[in-house]
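*Asks:* So I've got this file, structure.cif, and it contains mmCIF, C-alpha atoms:
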data_target
loop_
_atom_site.label_atom_id
_atom_site.label_comp_id
_atom_site.auth_asym_id
_atom_site.auth_seq_id
_atom_site.Cartn_x
_atom_site.Cartn_y
_atom_site.Cartn_z
CA GLY A 1 -46.44 44.49 -124.88
CA ILE A 2 -47.50 43.75 -121.33
CA ILE A 3 -50.08 46.56 -121.19
CA ASN A 4 -51.77 45.44 -124.41
CA TYR A 5 -51.82 41.85 -123.13
CA MET A 6 -53.45 42.99 -119.87
CA ILE A 7 -56.09 45.07 -121.67
CA THR A 8 -56.82 42.18 -124.03
CA GLY A 9 -57.25 39.88 -121.03
CA TRP A 10 -59.61 42.33 -119.33
CA LEU A 11 -61.75 42.66 -122.47
CA ILE A 12 -61.92 38.90 -123.07
CA PHE A 13 -62.98 38.19 -119.49
CA LEU A 14 -65.50 41.06 -119.62
CA LEU A 15 -67.06 39.77 -122.85
CA ALA A 16 -67.00 36.18 -121.58
CA GLY A 17 -68.84 37.40 -118.48
CA ILE A 18 -71.46 39.26 -120.54
CA VAL A 19 -72.16 36.23 -122.74
CA THR A 20 -72.31 34.00 -119.67
CA GLY A 21 -74.77 36.36 -117.97
CA ILE A 22 -76.99 36.46 -121.06
CA VAL A 23 -77.07 32.67 -121.30
CA THR A 24 -77.73 32.22 -117.57
CA GLY A 25 -80.56 34.75 -117.57
CA LEU A 26 -82.22 33.05 -120.53
CA VAL A 27 -81.47 29.41 -119.82
CA GLY A 28 -80.39 29.05 -116.20
CA ALA A 29 -77.18 27.39 -117.43
CA SER A 30 -74.01 27.92 -115.44
CA ALA A 31 -70.77 29.55 -116.45
CA ILE A 32 -68.83 26.42 -117.41
CA VAL A 33 -71.11 25.91 -120.42
CA ILE A 34 -69.92 29.12 -122.10
CA PHE A 35 -67.37 30.92 -119.89
CA VAL A 36 -64.77 28.13 -119.79
CA PRO A 37 -64.77 27.42 -123.56
CA ILE A 38 -64.38 31.14 -124.37
CA ILE A 39 -61.46 31.56 -121.99
CA LEU A 40 -59.75 28.41 -123.25
CA LEU A 41 -59.81 29.85 -126.78
CA PHE A 42 -57.41 32.60 -125.68
CA PHE A 43 -55.65 31.42 -122.50
CA ASP A 44 -54.09 28.22 -121.23
CA TYR A 45 -55.35 28.22 -117.64
CA SER A 46 -55.93 24.86 -115.97
CA LEU A 47 -59.48 23.52 -116.10
CA PHE A 48 -59.54 23.26 -112.30
CA VAL A 49 -58.80 26.99 -111.91
CA LEU A 50 -61.42 27.89 -114.53
CA ILE A 51 -64.02 25.73 -112.76
CA GLY A 52 -63.40 27.78 -109.63
CA MET A 53 -63.65 30.99 -111.66
CA SER A 54 -66.89 29.89 -113.31
CA LEU A 55 -68.40 29.10 -109.91
CA ALA A 56 -67.41 32.56 -108.63
CA VAL A 57 -68.98 34.23 -111.69
CA ASP A 58 -72.10 32.09 -111.17
CA VAL A 59 -72.56 33.50 -107.66
CA PHE A 60 -73.16 37.03 -108.94
CA VAL A 61 -74.85 36.09 -112.21
CA ALA A 62 -77.32 33.82 -110.41
CA LEU A 63 -77.98 36.45 -107.73
CA PHE A 64 -79.02 39.13 -110.22
CA ALA A 65 -81.05 36.65 -112.29
CA TRP A 66 -82.72 35.55 -109.04
CA ILE A 67 -83.70 39.18 -108.28
CA VAL A 68 -85.36 39.59 -111.69
CA TYR A 69 -87.17 36.22 -111.64
CA ARG A 70 -88.42 36.98 -108.13
CA LYS A 71 -89.92 40.24 -109.37
CA PHE A 72 -91.94 38.28 -111.96
CA LYS A 73 -92.92 35.66 -109.31
CA HIS A 74 -91.17 32.86 -111.21
CA ILE A 75 -89.35 31.26 -108.26
CA ASP A 76 -90.66 28.48 -106.03
CA PHE A 77 -88.62 29.39 -102.95
CA LYS A 78 -89.87 26.52 -100.80
CA THR A 79 -88.94 23.85 -103.35
CA GLY A 80 -85.67 25.66 -104.09
CA PHE A 81 -84.78 25.81 -100.39
CA TYR A 82 -85.28 22.08 -99.86
CA LEU A 83 -83.28 21.23 -102.98
CA SER A 84 -80.48 23.59 -101.90
CA ILE A 85 -79.74 21.82 -98.59
CA LEU A 86 -78.22 18.59 -99.95
CA ALA A 87 -77.01 20.35 -103.11
CA ILE A 88 -74.71 22.52 -100.99
CA PHE A 89 -73.14 19.47 -99.31
CA GLY A 90 -72.69 17.92 -102.74
CA ALA A 91 -71.01 21.09 -104.02
CA VAL A 92 -68.46 21.10 -101.19
CA PHE A 93 -67.61 17.42 -101.72
CA GLY A 94 -67.43 17.94 -105.48
CA SER A 95 -65.13 20.96 -105.12
CA TYR A 96 -62.65 18.90 -103.12
CA PHE A 97 -62.57 15.97 -105.54
CA SER A 98 -62.47 18.14 -108.69
CA ARG A 99 -58.69 18.44 -108.26
CA PHE A 100 -58.37 14.79 -109.21
CA ILE A 101 -60.62 14.93 -112.29
CA PRO A 102 -58.61 14.72 -115.54
CA ASN A 103 -59.31 17.31 -118.24
CA THR A 104 -59.63 14.66 -120.94
CA GLY A 105 -63.19 14.03 -122.05
CA LEU A 106 -64.77 16.33 -119.45
CA LEU A 107 -65.84 19.18 -121.73
CA GLU A 108 -66.84 16.76 -124.50
CA ALA A 109 -69.25 14.96 -122.17
CA ILE A 110 -70.73 18.22 -120.88
CA SER A 111 -71.16 19.58 -124.42
CA ILE A 112 -73.00 16.47 -125.66
CA PHE A 113 -75.21 16.53 -122.57
CA THR A 114 -75.98 20.22 -123.19
CA ALA A 115 -76.89 19.67 -126.86
CA ILE A 116 -79.25 16.76 -126.07
CA THR A 117 -80.88 18.84 -123.34
CA GLY A 118 -81.47 21.61 -125.88
CA ILE A 119 -83.34 19.27 -128.22
CA MET A 120 -85.53 17.99 -125.37
CA ILE A 121 -86.43 21.51 -124.21
CA PHE A 122 -87.10 22.74 -127.77
CA ARG A 123 -89.63 19.93 -128.31
CA ARG A 124 -91.20 20.17 -124.86
CA LYS A 125 -94.89 20.78 -124.26
CA VAL A 126 -96.06 21.71 -120.79
CA ASN A 127 -99.33 21.02 -119.02
CA LYS A 128 -99.12 23.39 -116.07
CA LYS A 129 -101.74 21.39 -114.15
CA GLU A 130 -99.19 18.59 -113.78
CA VAL A 131 -96.56 20.74 -112.08
CA CYS A 132 -95.30 19.05 -108.92
CA THR A 133 -94.29 21.53 -106.17
CA SER A 134 -93.37 21.10 -102.52
CA ASN A 135 -97.02 21.76 -101.60
CA ASP A 136 -98.79 19.19 -103.77
CA CYS A 137 -96.13 16.68 -104.82
CA PRO A 138 -96.31 13.05 -103.57
CA ARG A 139 -94.02 12.83 -100.54
CA SER A 140 -91.89 9.99 -101.94
CA LYS A 141 -91.33 11.81 -105.24
CA PHE A 142 -90.33 15.05 -103.54
CA ILE A 143 -87.94 13.25 -101.17
CA LEU A 144 -86.33 11.55 -104.18
CA ALA A 145 -85.92 14.97 -105.82
CA ILE A 146 -84.13 16.23 -102.70
CA ILE A 147 -81.79 13.19 -102.73
CA LEU A 148 -81.05 13.77 -106.43
CA SER A 149 -80.17 17.39 -105.61
CA PHE A 150 -77.11 16.11 -103.71
CA PHE A 151 -75.74 14.63 -106.93
CA VAL A 152 -76.60 17.85 -108.75
CA GLY A 153 -74.47 19.70 -106.21
CA LEU A 154 -71.74 17.10 -106.61
CA LEU A 155 -71.70 17.81 -110.35
CA GLY A 156 -71.78 21.55 -109.71
CA GLY A 157 -68.88 21.60 -107.28
CA GLY A 158 -66.85 19.00 -109.12
CA LEU A 159 -67.34 19.81 -112.76
CA GLY A 160 -68.50 23.41 -112.58
CA PRO A 161 -72.04 23.18 -113.98
CA ALA A 162 -73.09 24.72 -110.62
CA GLY A 163 -76.34 22.82 -110.78
CA GLY A 164 -77.77 25.22 -113.36
CA ILE A 165 -78.72 22.83 -116.15
CA SER A 166 -78.88 19.85 -113.77
CA ILE A 167 -81.33 21.53 -111.38
CA PHE A 168 -83.25 22.87 -114.37
CA LEU A 169 -83.60 19.33 -115.75
CA LEU A 170 -84.66 18.00 -112.35
CA LEU A 171 -87.38 20.65 -112.10
CA VAL A 172 -88.55 20.34 -115.71
CA PHE A 173 -88.48 16.59 -116.34
CA PHE A 174 -88.92 15.19 -112.83
CA LEU A 175 -91.14 17.76 -111.09
CA ASN A 176 -92.61 19.03 -114.40
CA PHE A 177 -92.14 22.77 -113.73
CA GLU A 178 -92.98 25.18 -116.52
CA THR A 179 -89.87 26.73 -118.06
CA HIS A 180 -90.01 30.23 -116.55
CA ARG A 181 -90.44 28.86 -113.03
CA ALA A 182 -87.84 26.15 -113.57
CA ILE A 183 -85.21 28.69 -114.67
CA GLY A 184 -86.04 31.03 -111.78
CA THR A 185 -85.92 28.26 -109.18
CA SER A 186 -82.75 26.76 -110.68
CA VAL A 187 -80.83 30.07 -110.49
CA PHE A 188 -81.98 30.37 -106.86
CA VAL A 189 -80.49 26.93 -106.07
CA MET A 190 -77.48 27.58 -108.32
CA PHE A 191 -76.58 30.66 -106.26
CA PHE A 192 -76.02 28.57 -103.13
CA ILE A 193 -74.21 25.74 -104.94
CA ALA A 194 -71.92 28.25 -106.66
CA LEU A 195 -71.31 30.18 -103.44
CA PHE A 196 -70.18 27.18 -101.41
CA GLY A 197 -68.40 25.59 -104.38
CA SER A 198 -66.40 28.74 -105.17
CA VAL A 199 -65.41 29.24 -101.52
CA ALA A 200 -64.08 25.67 -101.50
CA HIS A 201 -61.95 26.52 -104.56
CA ILE A 202 -60.46 29.79 -103.26
CA TYR A 203 -57.39 28.29 -101.58
CA TYR A 204 -56.34 26.32 -104.66
CA ILE A 205 -57.00 29.23 -107.03
CA SER A 206 -54.92 31.55 -104.85
CA SER A 207 -52.01 29.10 -104.89
CA SER A 208 -52.08 29.10 -108.72
CA ASN A 209 -51.28 32.85 -108.87
CA PHE A 210 -54.39 33.56 -110.95
CA PRO A 211 -54.79 37.35 -111.61
CA TRP A 212 -57.92 38.16 -109.59
CA ILE A 213 -58.56 41.38 -111.54
CA LEU A 214 -59.70 39.18 -114.45
CA LEU A 215 -62.41 37.67 -112.24
CA LEU A 216 -63.66 41.17 -111.42
CA PHE A 217 -64.12 41.98 -115.12
CA ALA A 218 -65.91 38.66 -115.69
CA VAL A 219 -68.26 39.31 -112.76
CA VAL A 220 -69.13 42.84 -113.95
CA GLY A 221 -69.88 41.52 -117.44
CA GLY A 222 -71.89 38.63 -116.01
CA ILE A 223 -74.08 40.91 -113.88
CA PHE A 224 -74.79 43.18 -116.86
CA GLY A 225 -75.71 40.31 -119.18
CA SER A 226 -77.76 38.45 -116.58
CA PHE A 227 -79.89 41.42 -115.59
CA PHE A 228 -81.06 42.29 -119.09
CA SER A 229 -81.49 38.74 -120.42
CA SER A 230 -83.52 37.76 -117.34
CA ARG A 231 -85.95 40.60 -117.96
CA PHE A 232 -86.31 39.52 -121.59
CA ALA A 233 -86.90 35.87 -120.63
CA ASN A 234 -89.65 36.79 -118.20
CA ALA A 235 -91.41 38.98 -120.77
CA ILE A 236 -91.93 36.31 -123.45
CA ALA A 237 -94.41 33.43 -123.71
CA GLU A 238 -93.61 29.94 -122.40
CA LYS A 239 -93.67 28.35 -125.86
CA ASN A 240 -91.25 30.92 -127.27
CA LEU A 241 -88.96 30.63 -124.24
CA ASN A 242 -88.78 26.84 -124.70
CA ARG A 243 -87.64 27.30 -128.28
CA ILE A 244 -85.08 29.97 -127.40
CA VAL A 245 -83.73 27.94 -124.45
CA GLY A 246 -83.59 24.74 -126.52
CA ALA A 247 -81.86 26.43 -129.45
CA ILE A 248 -79.27 28.15 -127.22
CA LEU A 249 -78.41 24.96 -125.34
CA PHE A 250 -78.11 22.95 -128.56
CA VAL A 251 -75.85 25.54 -130.22
CA LEU A 252 -73.72 25.90 -127.08
CA GLY A 253 -73.28 22.14 -126.85
CA VAL A 254 -72.31 21.76 -130.51
CA LEU A 255 -69.93 24.77 -130.51
CA THR A 256 -68.21 23.60 -127.32
CA LEU A 257 -67.76 20.10 -128.75
CA VAL A 258 -66.42 21.39 -132.09
CA GLN A 259 -64.05 23.79 -130.35
CA LYS A 260 -62.71 21.04 -128.08
CA LEU A 261 -62.19 18.64 -131.01
CA ILE A 262 -60.37 21.36 -133.00
CA MET A 263 -58.12 22.14 -130.03
CA ASN A 264 -57.18 18.47 -129.80
#
Would you encode the structure as structure tokens?

*Replies:*
Amino acid sequence: GIINYMITGWLIFLLAGIVTGIVTGLVGASAIVIFVPIILLFFDYSLFVLIGMSLAVDVFVALFAWIVYRKFKHIDFKTGFYLSILAIFGAVFGSYFSRFIPNTGLLEAISIFTAITGIMIFRRKVNKKEVCTSNDCPRSKFILAIILSFFVGLLGGGLGPAGGISIFLLLVFFLNFETHRAIGTSVFVMFFIALFGSVAHIYYISSSNFPWILLLFAVVGGIFGSFFSSRFANAIAEKNLNRIVGAILFVLGVLTLVQKLIMN
């Protein structure tokens, strides 16, 4: 009865955490892309609570991915730091307003966005000489990137994408980072967005009587998955990583959309 239900819950959150960690380490995507859909298959928690949970999982998953990407020198800390400043303010604002966001249509929009992103990354070709960093980027373009990071944080805190895919897109398509460096820098920024966003959610999650032990299992699974997938991502060639990242994002987007339509 109750014991079997508890063990089942622990295992589901552990596995959801592992899958989330794997995806984050490979793609830089945040927990809402995979964690929330998996949990909603088995439990009927509110989307607002799960957004808070996904942000909390992202804190630890992003931290361990950050450690691995740093080892392989695939993080632009200076660019990441500047992008983090306004992104954090956006995350706090977004976390407050996420209580008023209706569930309807939210996951569908995110899933379509994720699938389209996957196609773009899969087909992407990179000329590393065109990479625009904080050191050599035109001042106006870099300032615009910082301003855009506020809206990335707003999305992260409000809808749960924790800036992962959004920051990744900003780095890849606006500043033209190569994929390894874009993922590494995005998980660096995502850590701060997730940290401040999850803290802003704590009060409301606590008032919902959510069993915190489930979060612990999700975090443990996330750390495990993130550590090993990050090492794999850093060991393969840029062209192959683009194809893997693109394929994963496309499949995630389609599966999330199909699952949501079936549930309706």

*Asks:* Excluding Val219 (chain A) and any residue of its chain fewer than 3 positions from it, enumerate the residues within 7 Å of it, using all atoms listed in the file, and give them as a list in words.

*Replies:*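 Selected residues are Gly17, Val57, Phe60, Leu215, Leu216, Gly222 and Ile223 of chain A.
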
*Asks:* Between A:Thr179, A:Ser149, A:Ser207, A:Ser46, which residue has the minimum interatomic distance to Ile167 (chain A), considering only C-alpha atoms?

*Replies:*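 Among A:Thr179, A:Ser149, A:Ser207, A:Ser46, it is A:Ser149 that comes nearest to Ile167 (chain A).
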
*Asks:* Listing only residues of region 32-75 of chain A within 10 Å of region 109-124 of chain A, what is the closest atom pair and its distance in Å (to one decimal) for each, using only C-alpha atoms, sorted by chain and residue number ascending, as a Markdown table?

*Replies:*
| residue | atom | partner | partner_atom | distance |
| --- | --- | --- | --- | --- |
| A:Ile32 | CA | A:Ile110 | CA | 9.1 |
| A:Val33 | CA | A:Ser111 | CA | 7.5 |
| A:Ile34 | CA | A:Ser111 | CA | 9.9 |

*Asks:* Which value, in Å to one decimal, gives the distance between CA of His180 (chain A) and CA of Ser226 (chain A)?

*Replies:* 14.8 Å

*Asks:* Write out as a PyMOL selection string which residues come within 9 Å of Leu15 (chain A) when counting all atoms listed in the file, dropping same-chain ones fewer than 2 positions away.

*Replies:* chain A and resi 10-13+17-20+217-218+221-222

*Asks:* Quick one, how far is CA of Phe93 (chain A) from CA of Val152 (chain A)?

*Replies:*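 We find that CA of Phe93 (chain A) and CA of Val152 (chain A) lie 11.4 Å from each other.
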
*Asks:* For each of A:Ala182, A:Val189, A:Ile22, A:Leu47, take the minimum atom-to-atom distance to Leu86 (chain A), counting all atoms listed in the file, then give the residue where this is smallest.

*Replies:* A:Val189

*Asks:* Quick one: apply the PyMOL selection byres ((chain A and resi 63) around 9) to the file and drop the selected residues here as a compact mmCIF listing (two decimals) with C-alpha atoms, in the coordinates of the input.

*Replies:*
# COMPACT_ATOMS: atom_id res chain seq x y z
CA ASP A 58 -72.10 32.09 -111.17
CA VAL A 59 -72.56 33.50 -107.66
CA PHE A 60 -73.16 37.03 -108.94
CA VAL A 61 -74.85 36.09 -112.21
CA ALA A 62 -77.32 33.82 -110.41
CA PHE A 64 -79.02 39.13 -110.22
CA ALA A 65 -81.05 36.65 -112.29
CA TRP A 66 -82.72 35.55 -109.04
CA ILE A 67 -83.70 39.18 -108.28
CA VAL A 68 -85.36 39.59 -111.69
CA VAL A 187 -80.83 30.07 -110.49
CA PHE A 188 -81.98 30.37 -106.86
CA MET A 190 -77.48 27.58 -108.32
CA PHE A 191 -76.58 30.66 -106.26
CA ILE A 223 -74.08 40.91 -113.88

*Asks:* Expand the PyMOL selection byres ((chain A and resi 55) around 8) into the individual residues it matches in the shown file, reporting them as a list in words.

*Replies:*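 For this structure, the PyMOL selection byres ((chain A and resi 55) around 8) captures Ser30, Ala31, Ile32, Ile51, Gly52, Met53, Ser54, Ala56, Val57, Asp58, Val59, Gly157, Gly160, Ala162, Ala194, Leu195, Gly197 and Ser198 of chain A.
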
*Asks:* May I have the residues within 8 Å of Val27 (chain A) as a ChimeraX atom specification, using all atoms listed in the file and disregarding those fewer than 6 positions away in the same chain?

*Replies:* /A:183,245,248-249

*Asks:* Just write the chosen residues, C-alpha atoms, as a PDB file, in the coordinates of the input.

*Replies:*
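Result file is out29.pdb:
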ATOM      1  CA  ILE A 183     -85.210  28.690-114.670  1.00  0.00           C
ATOM      2  CA  VAL A 245     -83.730  27.940-124.450  1.00  0.00           C
ATOM      3  CA  ILE A 248     -79.270  28.150-127.220  1.00  0.00           C
ATOM      4  CA  LEU A 249     -78.410  24.960-125.340  1.00  0.00           C
TER       5      LEU A 249
END

*Asks:* How many Å separate CA of Lys239 (chain A) from CA of Phe77 (chain A)?

*Replies:*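 So the answer is 23.5 Å.
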
*Asks:* So that I can check the surroundings of Leu144 (chain A), please list as a PyMOL selection string every protein, DNA and RNA residue that reaches within 12 Å of it, counting only C-alpha atoms and ignoring chain neighbours fewer than 5 positions away.

*Replies:* chain A and resi 82-83+86+134+137-139+149-151+170+174-175

*Asks:* Calculated over all atoms listed in the file, which of the candidates A:Val254, A:Leu26, A:Val36, A:Ile3 has the smallest distance to Ser186 (chain A)?

*Replies:*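 Among the listed residues, A:Leu26 lies closest to Ser186 (chain A).
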
*Asks:* With the PyMOL selection byres ((chain A and resi 88) around 8) as the selection, what would be picked from this file? Answer as a list in words, please.

*Replies:*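 Those residues are Ser84, Ile85, Leu86, Ala87, Phe89, Gly90, Ala91, Val92, Phe150, Gly153, Phe192, Ile193, Phe196 and Gly197 of chain A.
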
*Asks:* Any chance you can output those residues with C-alpha atoms as a tab-separated table (two decimals), in the coordinates of the input?

*Replies:*
chain	number	residue	atom	x	y	z
A	84	SER	CA	-80.48	23.59	-101.90
A	85	ILE	CA	-79.74	21.82	-98.59
A	86	LEU	CA	-78.22	18.59	-99.95
A	87	ALA	CA	-77.01	20.35	-103.11
A	89	PHE	CA	-73.14	19.47	-99.31
A	90	GLY	CA	-72.69	17.92	-102.74
A	91	ALA	CA	-71.01	21.09	-104.02
A	92	VAL	CA	-68.46	21.10	-101.19
A	150	PHE	CA	-77.11	16.11	-103.71
A	153	GLY	CA	-74.47	19.70	-106.21
A	192	PHE	CA	-76.02	28.57	-103.13
A	193	ILE	CA	-74.21	25.74	-104.94
A	196	PHE	CA	-70.18	27.18	-101.41
A	197	GLY	CA	-68.40	25.59	-104.38

*Asks:* Of the candidates A:Ala237, A:Ala247, A:Leu214, A:Ile202, which one gets nearest to Ile39 (chain A) if we count all atoms listed in the file?

*Replies:* A:Leu214

*Asks:* Measuring between all atoms listed in the file, which one of A:Ala16, A:Lys73, A:Leu257, A:Thr24 shows the shortest distance to Phe168 (chain A)?

*Replies:*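 Under the stated criterion, the closest residue is A:Thr24.
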
*Asks:* Regenerate region 204-219 of chain A at the level of N, CA, C and O atoms and dump it as a CSV table (one decimal), in the frame of the given file.

*Replies:*
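Below is the file rebuild.csv, written as the result:
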chain,number,residue,atom,x,y,z
A,204,TYR,N,-57.1,26.9,-103.6
A,204,TYR,CA,-56.3,26.3,-104.7
A,204,TYR,C,-56.1,27.3,-105.8
A,204,TYR,O,-55.1,27.3,-106.5
A,205,ILE,N,-57.1,28.2,-106.0
A,205,ILE,CA,-57.0,29.2,-107.0
A,205,ILE,C,-55.9,30.2,-106.6
A,205,ILE,O,-55.1,30.7,-107.4
A,206,SER,N,-55.9,30.6,-105.4
A,206,SER,CA,-54.9,31.6,-104.8
A,206,SER,C,-53.5,31.0,-105.0
A,206,SER,O,-52.6,31.7,-105.4
A,207,SER,N,-53.3,29.7,-104.8
A,207,SER,CA,-52.0,29.1,-104.9
A,207,SER,C,-51.5,29.0,-106.3
A,207,SER,O,-50.4,28.7,-106.6
A,208,SER,N,-52.5,29.2,-107.3
A,208,SER,CA,-52.1,29.1,-108.7
A,208,SER,C,-51.7,30.4,-109.3
A,208,SER,O,-51.4,30.6,-110.5
A,209,ASN,N,-51.7,31.5,-108.4
A,209,ASN,CA,-51.3,32.8,-108.9
A,209,ASN,C,-52.2,33.4,-110.0
A,209,ASN,O,-51.7,34.1,-110.9
A,210,PHE,N,-53.4,33.1,-109.9
A,210,PHE,CA,-54.4,33.6,-111.0
A,210,PHE,C,-54.6,35.1,-110.7
A,210,PHE,O,-54.8,35.5,-109.6
A,211,PRO,N,-54.6,35.9,-111.8
A,211,PRO,CA,-54.8,37.4,-111.6
A,211,PRO,C,-56.3,37.6,-111.3
A,211,PRO,O,-57.1,37.6,-112.2
A,212,TRP,N,-56.5,38.0,-110.1
A,212,TRP,CA,-57.9,38.2,-109.6
A,212,TRP,C,-58.6,39.3,-110.3
A,212,TRP,O,-59.9,39.3,-110.3
A,213,ILE,N,-57.9,40.3,-110.8
A,213,ILE,CA,-58.6,41.4,-111.5
A,213,ILE,C,-59.4,40.9,-112.7
A,213,ILE,O,-60.4,41.5,-113.1
A,214,LEU,N,-59.0,39.8,-113.3
A,214,LEU,CA,-59.7,39.2,-114.4
A,214,LEU,C,-61.1,38.7,-114.0
A,214,LEU,O,-62.1,38.8,-114.7
A,215,LEU,N,-61.1,38.1,-112.8
A,215,LEU,CA,-62.4,37.7,-112.2
A,215,LEU,C,-63.4,38.8,-112.1
A,215,LEU,O,-64.6,38.7,-112.3
A,216,LEU,N,-62.8,40.0,-111.6
A,216,LEU,CA,-63.7,41.2,-111.4
A,216,LEU,C,-64.3,41.6,-112.7
A,216,LEU,O,-65.5,41.9,-112.8
A,217,PHE,N,-63.6,41.6,-113.8
A,217,PHE,CA,-64.1,42.0,-115.1
A,217,PHE,C,-65.2,41.0,-115.6
A,217,PHE,O,-66.2,41.4,-116.1
A,218,ALA,N,-64.9,39.7,-115.3
A,218,ALA,CA,-65.9,38.7,-115.7
A,218,ALA,C,-67.2,38.8,-114.9
A,218,ALA,O,-68.3,38.7,-115.5
A,219,VAL,N,-67.1,39.1,-113.6
A,219,VAL,CA,-68.3,39.3,-112.8
A,219,VAL,C,-69.1,40.5,-113.2
A,219,VAL,O,-70.3,40.4,-113.3
